[in-house]
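Below is one structure, written out as structure tokens; the observations come after it.
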Protein chains: 4
Amino acid sequence: MSKPLISALAQFAAATAGRNMTKAAYVAVGVGVLSMVLLTDNPAYEASRRWVDILLWACLLYFVFEWLVRLRHMTRQGRLSLYMSSSAGIVDAVGALAVPTALVLGVEPKTAWLLSVLWVLKVVPGIPGLRQLRRVLVLESGPLISVLVIFLMVIFLASVAEYFLERDVQPQTFGSVPAALWWAVATLTTTGYGDVVPITPLGRMVAALVMISGLGVFGLWTGILATGFAAETRRDNFLKTWEAVSKVPFFAALGPAAIADVTHMLRTMELPARTIVIRKDTQGDCIYFIAAGEVEVDLPGKKVQLGEGAFFGEMALLGNNRRGANVSTTKVSRLLVLDLVDFRVLMARHPELAETIDAEAKRRALENT
Amino acid sequence: MSKPLISALAQFAAATAGRNMTKAAYVAVGVGVLSMVLLTDNPAYEASRRWVDILLWACLLYFVFEWLVRLRHMTRQGRLSLYMSSSAGIVDAVGALAVPTALVLGVEPKTAWLLSVLWVLKVVPGIPGLRQLRRVLVLESGPLISVLVIFLMVIFLASVAEYFLERDVQPQTFGSVPAALWWAVATLTTTGYGDVVPITPLGRMVAALVMISGLGVFGLWTGILATGFAAETRRDNFLKTWEAVSKVPFFAALGPAAIADVTHMLRTMELPARTIVIRKDTQGDCIYFIAAGEVEVDLPGKKVQLGEGAFFGEMALLGNNRRGANVSTTKVSRLLVLDLVDFRVLMARHPELAETIDAEAKRRALENT
Amino acid sequence: MSKPLISALAQFAAATAGRNMTKAAYVAVGVGVLSMVLLTDNPAYEASRRWVDILLWACLLYFVFEWLVRLRHMTRQGRLSLYMSSSAGIVDAVGALAVPTALVLGVEPKTAWLLSVLWVLKVVPGIPGLRQLRRVLVLESGPLISVLVIFLMVIFLASVAEYFLERDVQPQTFGSVPAALWWAVATLTTTGYGDVVPITPLGRMVAALVMISGLGVFGLWTGILATGFAAETRRDNFLKTWEAVSKVPFFAALGPAAIADVTHMLRTMELPARTIVIRKDTQGDCIYFIAAGEVEVDLPGKKVQLGEGAFFGEMALLGNNRRGANVSTTKVSRLLVLDLVDFRVLMARHPELAETIDAEAKRRALENT
Amino acid sequence: MSKPLISALAQFAAATAGRNMTKAAYVAVGVGVLSMVLLTDNPAYEASRRWVDILLWACLLYFVFEWLVRLRHMTRQGRLSLYMSSSAGIVDAVGALAVPTALVLGVEPKTAWLLSVLWVLKVVPGIPGLRQLRRVLVLESGPLISVLVIFLMVIFLASVAEYFLERDVQPQTFGSVPAALWWAVATLTTTGYGDVVPITPLGRMVAALVMISGLGVFGLWTGILATGFAAETRRDNFLKTWEAVSKVPFFAALGPAAIADVTHMLRTMELPARTIVIRKDTQGDCIYFIAAGEVEVDLPGKKVQLGEGAFFGEMALLGNNRRGANVSTTKVSRLLVLDLVDFRVLMARHPELAETIDAEAKRRALENT
């Protein structure tokens, strides 16, 4: 191979090694799975045989390459066993080895390539809110399992009842309890294929009860998840507010308890775009932190945008209690407001803050002159 | 054309130009779409051929007219390019041009008129809670996308498994992965058409798992939306309370922070109709703002109704601490109550309010005498 | 008729006139509707022809009788026109007149009796939580209508697309837009009968999008209703607490604002059964109100049960600050707790309470000696 | 029988008697029900006839044995009648007697064994969150019943309308109101088997309304359950916090009201793993209780883990206001924080705490030296 190709490959390998999902990996998953889908559709495959084969092999090569690069990377960092036993490592290994192993073992190619559907598992770590979802499922696992057990009990009781009532009339479809179980699952989940349907009056009454229970199971399930999700969101918000607070230089010196304190003192204000937050020359009584959105400070001669995480109005807390400029939102914004009163309480509780504040006041005063 | 007709058209055009949806536009959308539906139903069309054709052309003419009027209006205001690139402008242009373009391009008339279904898009800006819904979808997009990705992963994994298990038994329906994907979507959404149904025991077990996952996906989705909707409603309520507060003359002089302050001091009271809120000659200790509903003040010689946004009981905060009249609700009402104590705190924090209050007290006293 | 029969009828009429649903009315609705159902089922009707006819006529007679009794009752009270234009009056009239009118007009009896299904409407005013449900629907009508409009838009767009894609392949089922609309409703609600199913690849993709939109619509709908219901429940709880408070003699003299005040000062304690709430001879620092459940006071020589609405521990607030008896819950109970501190604040704000309290203290002291 | 066998049986009996579900019972339920399912599936039964019979008889014997052991155990404790009338006792009796009774009465064996599905009821008391679910259903029974009544009303009205509209066109499927009721239930629950489908235009419009009502019923149901579940979770959390508080020696002497007080003063902090909670030599201003998770105290020379229910940082409240060691979380943890200020308020309200605290301070000081 020529040198530039090798160096390009090396760069590519470096990019691949560290992160979980590169853009190339997303593309490979998409292309690979779609090619596999085409492979199984005879007319479509006949029309594009060459391309499908090339794309599948290319994706497989990419995943093997990715896996080898990561193995080397992890070996160098001495985390090989950790990586190989992690879920990401297992998914990478399966993605690289499943199809070749099947081919080597003599499985018919069309069937062997079906295993490439496992590549979709690679997307999992890239899902944004997954950790949040998992926490909800873990925290609410108690009631969710209860509902699942009730679900299974209803299915068993209903399918035996339905088998008893329908077996003589419809021996084809209700001829055994397993067949009746199939009916019960399709009914209780309100899927209702219609391939197996009770026809005796009593059988239909049992079925109606199962359908209504289906609504109930559904409602409980959703209710539990909704509750868990609301709690998780609240918790997330607290952590985010806290994080925002801890980024502000003023509060850097505070311990977790004081930061929690500050977090509870903050009031949240949701403002529409183009609203004046601070009017020049008015009495200043609070400091604002931008949790989301953007504000514009109308300084003499220039306009300054402040984005997420920034704060303003702090001069009022540092002696100069006349607002020096108009400040208005440019987008829908969420501001965190700390009142002068609460600020004083905070300083009383944490006297070490006073020095930080004096230093900050002097620095800012110099900067603005 | 005769003069009165022209002037009527001009008036109509003026009404059409400014607002998004006039009543005429709603009627045109309804009539047009229903006519198009009739057009495709052969027996119904044969019976009313003339009317359907006239109505369709009339609606089309109306939308072309509306579009031209708006184009002229926007050109005059110098916002032509803004309008044409806005979603409303695009919908207007599509509504006016889609069907004629198709007819001109030689598309068969019955097919060309199908494009008139795009007229329903004109209704979008008129939907009342749309902004709220959109905000929920935007704010919760993270977890919603996670659920969608999980949804897709389950669909791909399940359909490959089902294809593998059923292809030999039912080559007609499970003969390719795309066919199995169709089954998976219909099952995971619990739609369950029943046109494609697994029949092998293992295939049915996979299907049962997919159905139960369907309940889970559903529950997560609903839980996320319910949580987002609750948060959005809370935020909306805060903004509404704030708005109500900022309309009261007392608080006009306050900045956003102080208004937020007041908003947090307010207690909400939900009262049934015909409840006495203030009894004459009792000790007055709070001021009431009407957030929703209506109250009746039983003044000597006359009864005064106060509606949304009004306030009462303010005399008690201005020195005269005996209630001067009975006040009772006439409808189910939501009142905002500000206690004397909180009112004093507020004045202590914002001394500029004191002057406003004195002035107000004098003005009201003069008015009542 | 003999005298006793007439007097029994008169008594029955009196009971029927005033209330909306007597037990007899519930029975008549149930029996009447089930008889009507049997009437339409030929084999069942043949087997029990005589009984079904008798029961139907008996129910009809009862409802006519009920209607006439109410008409007379309302005429006597001068509320005839009010009653006849009320929804209850219309339902009563329809229940009494619909079937006879149809029979008189020459409608075939089996069809005429179908109208007796309207009797189920009589149950409406007896549904316990109906007012609450209606309030939720009214308050959330904005977003709910938005979702409904989006629902209709998706249905129209999808059915035209599906008609265009499937009409050539399946002229029987997708031969007109109305037929496609039928498919779209059954799919978007995830009902999925399976009588009309797209078979072209593009048609199936559109269908998959419609199914997923169905989940979304469902989720939004449920989210809105859940949020509205939670708010309604909170409001209901506040009203109930308030009601409980206003029943306590102590607070009878307070105005609504002070009662709201008290309501906000109360802490709710949920206690399991057989928990000791007050231990004899301990320091008393609060008064308890029973919002739900029951407690037992272990007085010397006797045990006294206190139920919903009662209060205990008030002696501690009236000078005698040693608890005089053990108090424990007998059921899962919700107690409202008012702390001594809050009680003092309350008295400071409402000095008129002091006198009430002194009087009460003396009355109770006399009673216990 | 040999002695060791008898003694093993006695031990087994003792383990069985007291607890509701032993591991053996779970296994027996699972094996028994699955064997019964196999029994009804002819090909599978033919293949494993001997094993299925043995397993079924073994499970039955186990349940009879379990029931007899419990009867003896309860007789000895004098709670026989209580046990026999309890739901657990009835389930045990049914599990032991149903199948033998049926066999004795001459029911065909395959049918008699179907009754063994009742064994799944034995699992009920072992479901973790069942009490919580039941409380939600009980507390929300009012609105849930309302929705059920509305559900039934819609079903009756819709099925009569559909019977009237479809009976002439489809006498096979819509030939009676009971048949139409079957359609209505399958449609309103959005199950949609597709065995009974309206085909007239008006019939389809009614069906569309029923489907949309189905979404509404579903949404209401879920909304009610979600609200109830959220309230139940809040209540549970309060009880858990309270329990945690009451376990701390400091608060052992407090009455329920004071504990509720403390519970309300606590702030909850959710911390990720490996976060420093207390930094050595900083100012201490609060005490922490571990509600969930674990922290590590980095004492000189050793690291101490503190788990759920433990507390730390209490030295700062007992005079020594410099933190003595780093404390960091080892897992995601939920800490309850009580501020110095609130602690002082608490002591002011409950002076008896002061002595407890002094004693505790001395004990801990001795231990650490």
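Ligands are numbered from 1 in the order shown, residues from 1 within each chain, and chains are lettered A, B, ... in the order they appear in the structure tokens.
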Contacts of chain B with chain A up to 7 Å, shortest pair per row, only C-alpha atoms, as a Markdown table:
| residue | atom | partner | partner_atom | distance |
| --- | --- | --- | --- | --- |
| B:Gly142 | CA | A:Gly129 | CA | 5.7 |
| B:Pro143 | CA | A:Gly129 | CA | 4.8 |
| B:Ser146 | CA | A:Ile127 | CA | 5.5 |
| B:Met153 | CA | A:Val120 | CA | 6.4 |
| B:Phe156 | CA | A:Val117 | CA | 6.9 |
| B:Leu157 | CA | A:Val117 | CA | 6.4 |
| B:Val160 | CA | A:Leu114 | CA | 6.8 |
| B:Ser176 | CA | A:Asp41 | CA | 4.9 |
| B:Val177 | CA | A:Val37 | CA | 5.5 |
| B:Pro178 | CA | A:Val37 | CA | 6.5 |
| B:Thr187 | CA | A:Thr191 | CA | 6.6 |
| B:Thr190 | CA | A:Thr191 | CA | 4.2 |
| B:Thr191 | CA | A:Thr191 | CA | 5.4 |
| B:Gly192 | CA | A:Tyr193 | CA | 4.7 |
| B:Tyr193 | CA | A:Tyr193 | CA | 5.5 |
| B:Gly194 | CA | A:Tyr193 | CA | 4.0 |
| B:Arg204 | CA | A:Trp182 | CA | 6.9 |
| B:Ala208 | CA | A:Val185 | CA | 6.2 |
| B:Met211 | CA | A:Thr189 | CA | 6.3 |
| B:Ile212 | CA | A:Thr189 | CA | 6.8 |
| B:Leu215 | CA | A:Phe218 | CA | 6.6 |
| B:Gly219 | CA | A:Thr222 | CA | 4.1 |
| B:Leu220 | CA | A:Leu225 | CA | 6.0 |
| B:Thr222 | CA | A:Thr222 | CA | 6.6 |
| B:Gly223 | CA | A:Ala226 | CA | 3.5 |
| B:Ile224 | CA | A:Ala226 | CA | 6.4 |
| B:Ala226 | CA | A:Ala226 | CA | 6.5 |
| B:Thr227 | CA | A:Ala230 | CA | 5.3 |
| B:Pro256 | CA | A:Val277 | CA | 6.2 |
Selection from above, N, CA and C atoms, as a PDB file, in the first residue's frame, can you write it?
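Resulting contents of again.pdb:
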ATOM      1  N   GLY B 142     -35.465  14.650  22.908  1.00  0.00           N
ATOM      2  CA  GLY B 142     -34.415  13.688  23.283  1.00  0.00           C
ATOM      3  C   GLY B 142     -34.993  12.326  23.602  1.00  0.00           C
ATOM      4  N   PRO B 143     -35.763  12.201  24.690  1.00  0.00           N
ATOM      5  CA  PRO B 143     -36.324  10.882  25.024  1.00  0.00           C
ATOM      6  C   PRO B 143     -37.246  10.324  23.945  1.00  0.00           C
ATOM      7  N   SER B 146     -35.135   8.690  21.452  1.00  0.00           N
ATOM      8  CA  SER B 146     -34.627   7.439  22.018  1.00  0.00           C
ATOM      9  C   SER B 146     -35.640   6.327  21.840  1.00  0.00           C
ATOM     10  N   MET B 153     -35.152  -0.507  16.380  1.00  0.00           N
ATOM     11  CA  MET B 153     -34.294  -1.661  16.652  1.00  0.00           C
ATOM     12  C   MET B 153     -35.116  -2.918  16.888  1.00  0.00           C
ATOM     13  N   PHE B 156     -36.454  -4.208  13.555  1.00  0.00           N
ATOM     14  CA  PHE B 156     -35.493  -4.902  12.695  1.00  0.00           C
ATOM     15  C   PHE B 156     -35.137  -6.271  13.260  1.00  0.00           C
ATOM     16  N   LEU B 157     -34.837  -6.321  14.558  1.00  0.00           N
ATOM     17  CA  LEU B 157     -34.457  -7.601  15.149  1.00  0.00           C
ATOM     18  C   LEU B 157     -35.601  -8.602  15.047  1.00  0.00           C
ATOM     19  N   VAL B 160     -36.262  -9.880  11.335  1.00  0.00           N
ATOM     20  CA  VAL B 160     -35.293 -10.865  10.847  1.00  0.00           C
ATOM     21  C   VAL B 160     -35.531 -12.218  11.520  1.00  0.00           C
ATOM     22  N   SER B 176     -39.755 -12.549   2.631  1.00  0.00           N
ATOM     23  CA  SER B 176     -38.608 -11.631   2.587  1.00  0.00           C
ATOM     24  C   SER B 176     -38.632 -10.781   3.847  1.00  0.00           C
ATOM     25  N   VAL B 177     -37.474 -10.175   4.168  1.00  0.00           N
ATOM     26  CA  VAL B 177     -37.431  -9.326   5.364  1.00  0.00           C
ATOM     27  C   VAL B 177     -38.351  -8.112   5.225  1.00  0.00           C
ATOM     28  N   PRO B 178     -38.456  -7.459   4.057  1.00  0.00           N
ATOM     29  CA  PRO B 178     -39.421  -6.355   3.964  1.00  0.00           C
ATOM     30  C   PRO B 178     -40.835  -6.789   4.348  1.00  0.00           C
ATOM     31  N   THR B 187     -47.527  -5.110  14.215  1.00  0.00           N
ATOM     32  CA  THR B 187     -47.636  -5.770  15.513  1.00  0.00           C
ATOM     33  C   THR B 187     -47.154  -4.869  16.641  1.00  0.00           C
ATOM     34  N   THR B 190     -49.417  -2.461  17.863  1.00  0.00           N
ATOM     35  CA  THR B 190     -50.639  -3.156  18.298  1.00  0.00           C
ATOM     36  C   THR B 190     -51.808  -2.921  17.339  1.00  0.00           C
ATOM     37  N   THR B 191     -51.473  -2.618  16.053  1.00  0.00           N
ATOM     38  CA  THR B 191     -52.544  -2.486  15.070  1.00  0.00           C
ATOM     39  C   THR B 191     -53.069  -3.873  14.718  1.00  0.00           C
ATOM     40  N   GLY B 192     -52.168  -4.790  14.331  1.00  0.00           N
ATOM     41  CA  GLY B 192     -52.571  -6.172  14.120  1.00  0.00           C
ATOM     42  C   GLY B 192     -53.604  -6.370  13.035  1.00  0.00           C
ATOM     43  N   TYR B 193     -53.228  -6.103  11.766  1.00  0.00           N
ATOM     44  CA  TYR B 193     -54.187  -6.324  10.684  1.00  0.00           C
ATOM     45  C   TYR B 193     -54.607  -7.780  10.601  1.00  0.00           C
ATOM     46  N   GLY B 194     -53.655  -8.672  10.774  1.00  0.00           N
ATOM     47  CA  GLY B 194     -53.976 -10.087  10.634  1.00  0.00           C
ATOM     48  C   GLY B 194     -53.750 -10.621   9.232  1.00  0.00           C
ATOM     49  N   ARG B 204     -44.542 -17.543  17.076  1.00  0.00           N
ATOM     50  CA  ARG B 204     -45.560 -16.927  17.918  1.00  0.00           C
ATOM     51  C   ARG B 204     -44.984 -16.399  19.220  1.00  0.00           C
ATOM     52  N   ALA B 208     -45.252 -12.679  20.485  1.00  0.00           N
ATOM     53  CA  ALA B 208     -45.773 -12.277  21.796  1.00  0.00           C
ATOM     54  C   ALA B 208     -44.844 -11.265  22.451  1.00  0.00           C
ATOM     55  N   MET B 211     -45.360  -7.923  20.839  1.00  0.00           N
ATOM     56  CA  MET B 211     -46.589  -7.269  21.304  1.00  0.00           C
ATOM     57  C   MET B 211     -46.400  -6.639  22.678  1.00  0.00           C
ATOM     58  N   ILE B 212     -45.742  -7.384  23.575  1.00  0.00           N
ATOM     59  CA  ILE B 212     -45.537  -6.848  24.925  1.00  0.00           C
ATOM     60  C   ILE B 212     -44.583  -5.650  24.858  1.00  0.00           C
ATOM     61  N   LEU B 215     -46.558  -2.638  24.044  1.00  0.00           N
ATOM     62  CA  LEU B 215     -47.143  -1.973  25.217  1.00  0.00           C
ATOM     63  C   LEU B 215     -46.107  -1.091  25.898  1.00  0.00           C
ATOM     64  N   GLY B 219     -46.191   2.848  26.414  1.00  0.00           N
ATOM     65  CA  GLY B 219     -46.190   3.421  27.747  1.00  0.00           C
ATOM     66  C   GLY B 219     -45.102   4.471  27.905  1.00  0.00           C
ATOM     67  N   LEU B 220     -43.903   4.179  27.408  1.00  0.00           N
ATOM     68  CA  LEU B 220     -42.812   5.139  27.518  1.00  0.00           C
ATOM     69  C   LEU B 220     -43.177   6.433  26.794  1.00  0.00           C
ATOM     70  N   THR B 222     -46.085   7.638  25.948  1.00  0.00           N
ATOM     71  CA  THR B 222     -47.134   8.381  26.642  1.00  0.00           C
ATOM     72  C   THR B 222     -46.590   9.029  27.902  1.00  0.00           C
ATOM     73  N   GLY B 223     -45.771   8.273  28.635  1.00  0.00           N
ATOM     74  CA  GLY B 223     -45.203   8.814  29.854  1.00  0.00           C
ATOM     75  C   GLY B 223     -44.392  10.066  29.583  1.00  0.00           C
ATOM     76  N   ILE B 224     -43.579  10.028  28.538  1.00  0.00           N
ATOM     77  CA  ILE B 224     -42.754  11.185  28.189  1.00  0.00           C
ATOM     78  C   ILE B 224     -43.644  12.368  27.824  1.00  0.00           C
ATOM     79  N   ALA B 226     -46.779  12.887  28.585  1.00  0.00           N
ATOM     80  CA  ALA B 226     -47.562  13.360  29.728  1.00  0.00           C
ATOM     81  C   ALA B 226     -46.704  14.249  30.615  1.00  0.00           C
ATOM     82  N   THR B 227     -45.456  13.810  30.872  1.00  0.00           N
ATOM     83  CA  THR B 227     -44.567  14.596  31.697  1.00  0.00           C
ATOM     84  C   THR B 227     -44.299  15.953  31.059  1.00  0.00           C
ATOM     85  N   PRO B 256     -39.502  42.740  36.092  1.00  0.00           N
ATOM     86  CA  PRO B 256     -39.833  41.318  35.960  1.00  0.00           C
ATOM     87  C   PRO B 256     -39.555  40.509  37.225  1.00  0.00           C
TER      88      PRO B 256
END
DSSP strand (DSSP E or B) residues within region 94-297 of chain C, as a short mmCIF file (atom, residue, chain, number, x, y, z; two decimals) with all heavy atoms, in the first residue's frame:
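Generated output (selection27.cif):
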data_model
loop_
_atom_site.label_atom_id
_atom_site.label_comp_id
_atom_site.auth_asym_id
_atom_site.auth_seq_id
_atom_site.Cartn_x
_atom_site.Cartn_y
_atom_site.Cartn_z
N ARG C 267 -50.35 20.11 57.50
CA ARG C 267 -49.51 19.09 56.93
C ARG C 267 -50.31 17.80 56.84
O ARG C 267 -51.07 17.49 57.77
CB ARG C 267 -48.31 18.83 57.84
CG ARG C 267 -47.03 19.51 57.39
CD ARG C 267 -45.92 19.22 58.35
NE ARG C 267 -46.25 19.59 59.70
CZ ARG C 267 -46.27 18.76 60.72
NH1 ARG C 267 -45.99 17.48 60.54
NH2 ARG C 267 -46.57 19.18 61.93
N THR C 268 -50.17 17.06 55.78
CA THR C 268 -50.88 15.80 55.66
C THR C 268 -49.96 14.66 56.11
O THR C 268 -48.81 14.61 55.74
CB THR C 268 -51.32 15.57 54.21
OG1 THR C 268 -52.15 16.66 53.83
CG2 THR C 268 -52.10 14.29 54.07
N MET C 269 -50.50 13.78 56.94
CA MET C 269 -49.74 12.62 57.40
C MET C 269 -50.52 11.37 57.04
O MET C 269 -51.66 11.21 57.47
CB MET C 269 -49.59 12.65 58.92
CG MET C 269 -48.34 13.29 59.43
SD MET C 269 -48.44 13.45 61.23
CE MET C 269 -48.60 11.74 61.71
N GLU C 270 -49.92 10.50 56.26
CA GLU C 270 -50.58 9.24 55.93
C GLU C 270 -50.03 8.18 56.89
O GLU C 270 -48.82 7.94 56.91
CB GLU C 270 -50.27 8.83 54.48
CG GLU C 270 -50.61 9.88 53.47
CD GLU C 270 -51.99 9.70 52.89
OE1 GLU C 270 -52.65 8.71 53.26
OE2 GLU C 270 -52.42 10.53 52.08
N LEU C 271 -50.89 7.59 57.65
CA LEU C 271 -50.42 6.62 58.65
C LEU C 271 -51.02 5.25 58.40
O LEU C 271 -52.20 5.15 58.05
CB LEU C 271 -50.82 7.09 60.05
CG LEU C 271 -50.13 8.34 60.55
CD1 LEU C 271 -50.70 8.74 61.89
CD2 LEU C 271 -48.63 8.09 60.69
N ILE C 276 -49.48 4.41 66.78
CA ILE C 276 -49.78 5.33 67.88
C ILE C 276 -49.48 6.75 67.42
O ILE C 276 -48.37 7.05 66.97
CB ILE C 276 -48.96 4.98 69.14
CG1 ILE C 276 -49.46 3.63 69.68
CG2 ILE C 276 -49.08 6.08 70.19
CD1 ILE C 276 -48.79 3.19 70.96
N VAL C 277 -50.49 7.61 67.47
CA VAL C 277 -50.32 8.99 67.02
C VAL C 277 -49.91 9.86 68.20
O VAL C 277 -48.99 10.66 68.13
CB VAL C 277 -51.63 9.51 66.38
CG1 VAL C 277 -51.42 10.91 65.85
CG2 VAL C 277 -52.11 8.57 65.31
N ILE C 278 -50.64 9.72 69.30
CA ILE C 278 -50.34 10.49 70.51
C ILE C 278 -50.08 9.49 71.64
O ILE C 278 -50.84 8.55 71.82
CB ILE C 278 -51.54 11.39 70.89
CG1 ILE C 278 -51.71 12.50 69.86
CG2 ILE C 278 -51.34 11.98 72.28
CD1 ILE C 278 -52.81 13.47 70.20
N GLN C 283 -45.39 15.67 75.56
CA GLN C 283 -45.61 17.09 75.29
C GLN C 283 -46.51 17.23 74.06
O GLN C 283 -46.24 16.62 73.03
CB GLN C 283 -44.24 17.74 75.00
CG GLN C 283 -44.16 19.20 75.21
CD GLN C 283 -44.01 19.53 76.70
OE1 GLN C 283 -43.79 18.67 77.54
NE2 GLN C 283 -44.14 20.82 77.00
N CYS C 286 -49.38 19.90 68.74
CA CYS C 286 -50.16 20.07 67.52
C CYS C 286 -51.56 19.51 67.70
O CYS C 286 -51.83 18.75 68.63
CB CYS C 286 -49.48 19.40 66.34
SG CYS C 286 -49.12 17.69 66.65
N ILE C 287 -52.44 19.91 66.79
CA ILE C 287 -53.80 19.43 66.77
C ILE C 287 -53.98 18.62 65.49
O ILE C 287 -53.38 18.95 64.46
CB ILE C 287 -54.78 20.62 66.85
CG1 ILE C 287 -56.23 20.15 66.76
CG2 ILE C 287 -54.51 21.64 65.77
CD1 ILE C 287 -57.23 21.27 67.11
N TYR C 288 -54.75 17.53 65.58
CA TYR C 288 -54.94 16.64 64.43
C TYR C 288 -56.39 16.68 63.97
O TYR C 288 -57.30 16.63 64.80
CB TYR C 288 -54.61 15.20 64.81
CG TYR C 288 -53.20 14.97 65.25
CD1 TYR C 288 -52.82 15.15 66.57
CD2 TYR C 288 -52.24 14.55 64.33
CE1 TYR C 288 -51.52 14.93 66.98
CE2 TYR C 288 -50.93 14.32 64.73
CZ TYR C 288 -50.58 14.52 66.06
OH TYR C 288 -49.30 14.30 66.46
N PHE C 289 -56.59 16.71 62.65
CA PHE C 289 -57.91 16.55 62.06
C PHE C 289 -57.90 15.26 61.24
O PHE C 289 -56.91 14.97 60.57
CB PHE C 289 -58.24 17.72 61.16
CG PHE C 289 -58.12 19.03 61.85
CD1 PHE C 289 -56.93 19.76 61.77
CD2 PHE C 289 -59.15 19.51 62.62
CE1 PHE C 289 -56.80 20.95 62.43
CE2 PHE C 289 -59.02 20.71 63.29
CZ PHE C 289 -57.84 21.43 63.20
N ILE C 290 -58.99 14.51 61.31
CA ILE C 290 -59.04 13.23 60.58
C ILE C 290 -59.67 13.49 59.21
O ILE C 290 -60.87 13.77 59.11
CB ILE C 290 -59.85 12.18 61.35
CG1 ILE C 290 -59.27 12.02 62.76
CG2 ILE C 290 -59.83 10.85 60.61
CD1 ILE C 290 -60.14 11.21 63.67
N ALA C 291 -58.86 13.40 58.15
CA ALA C 291 -59.38 13.60 56.80
C ALA C 291 -59.95 12.30 56.24
O ALA C 291 -60.90 12.32 55.45
CB ALA C 291 -58.27 14.11 55.88
N ALA C 292 -59.38 11.18 56.67
CA ALA C 292 -59.88 9.89 56.23
C ALA C 292 -59.39 8.85 57.22
O ALA C 292 -58.33 9.01 57.82
CB ALA C 292 -59.38 9.56 54.83
N VAL C 295 -59.52 6.96 64.26
CA VAL C 295 -58.58 6.78 65.36
C VAL C 295 -59.37 6.37 66.60
O VAL C 295 -60.58 6.55 66.69
CB VAL C 295 -57.77 8.06 65.67
CG1 VAL C 295 -57.05 8.55 64.44
CG2 VAL C 295 -58.65 9.13 66.27
N GLU C 296 -58.63 5.81 67.55
CA GLU C 296 -59.24 5.37 68.79
C GLU C 296 -58.54 6.09 69.93
O GLU C 296 -57.32 6.03 70.05
CB GLU C 296 -59.04 3.85 68.91
CG GLU C 296 -59.92 3.21 69.95
CD GLU C 296 -59.80 1.70 69.87
OE1 GLU C 296 -58.68 1.21 70.16
OE2 GLU C 296 -60.77 1.03 69.49
N VAL C 297 -59.32 6.77 70.77
CA VAL C 297 -58.77 7.44 71.94
C VAL C 297 -58.97 6.52 73.14
O VAL C 297 -60.09 6.10 73.43
CB VAL C 297 -59.48 8.79 72.18
CG1 VAL C 297 -58.78 9.56 73.29
CG2 VAL C 297 -59.50 9.61 70.90
#
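Nearest to Lys331 (chain C) of all the residues C:Gly293, C:Gly30, C:Gly301, C:Gly307 is C:Gly293, counting only C-alpha atoms.
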What's the separation between CA of Ile145 (chain D) and CA of Ala93 (chain C), in Å to one decimal place?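 A separation of 26.7 Å between them.
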So that I can see what lies close to Ser87 (chain A), please list as a PyMOL selection string the residues with an atom at most 12 Å from it, counting only C-alpha atoms and leaving out residues fewer than 5 positions away in the same chain. chain A and resi 20+81-82+92-94+121-122+124-125
May I have the residues within 10 Å of Ala96 (chain D) as a ChimeraX atom specification, using only C-alpha atoms and disregarding those fewer than 3 positions away in the same chain? /D:59-68,90-93,99-101,116,118-119
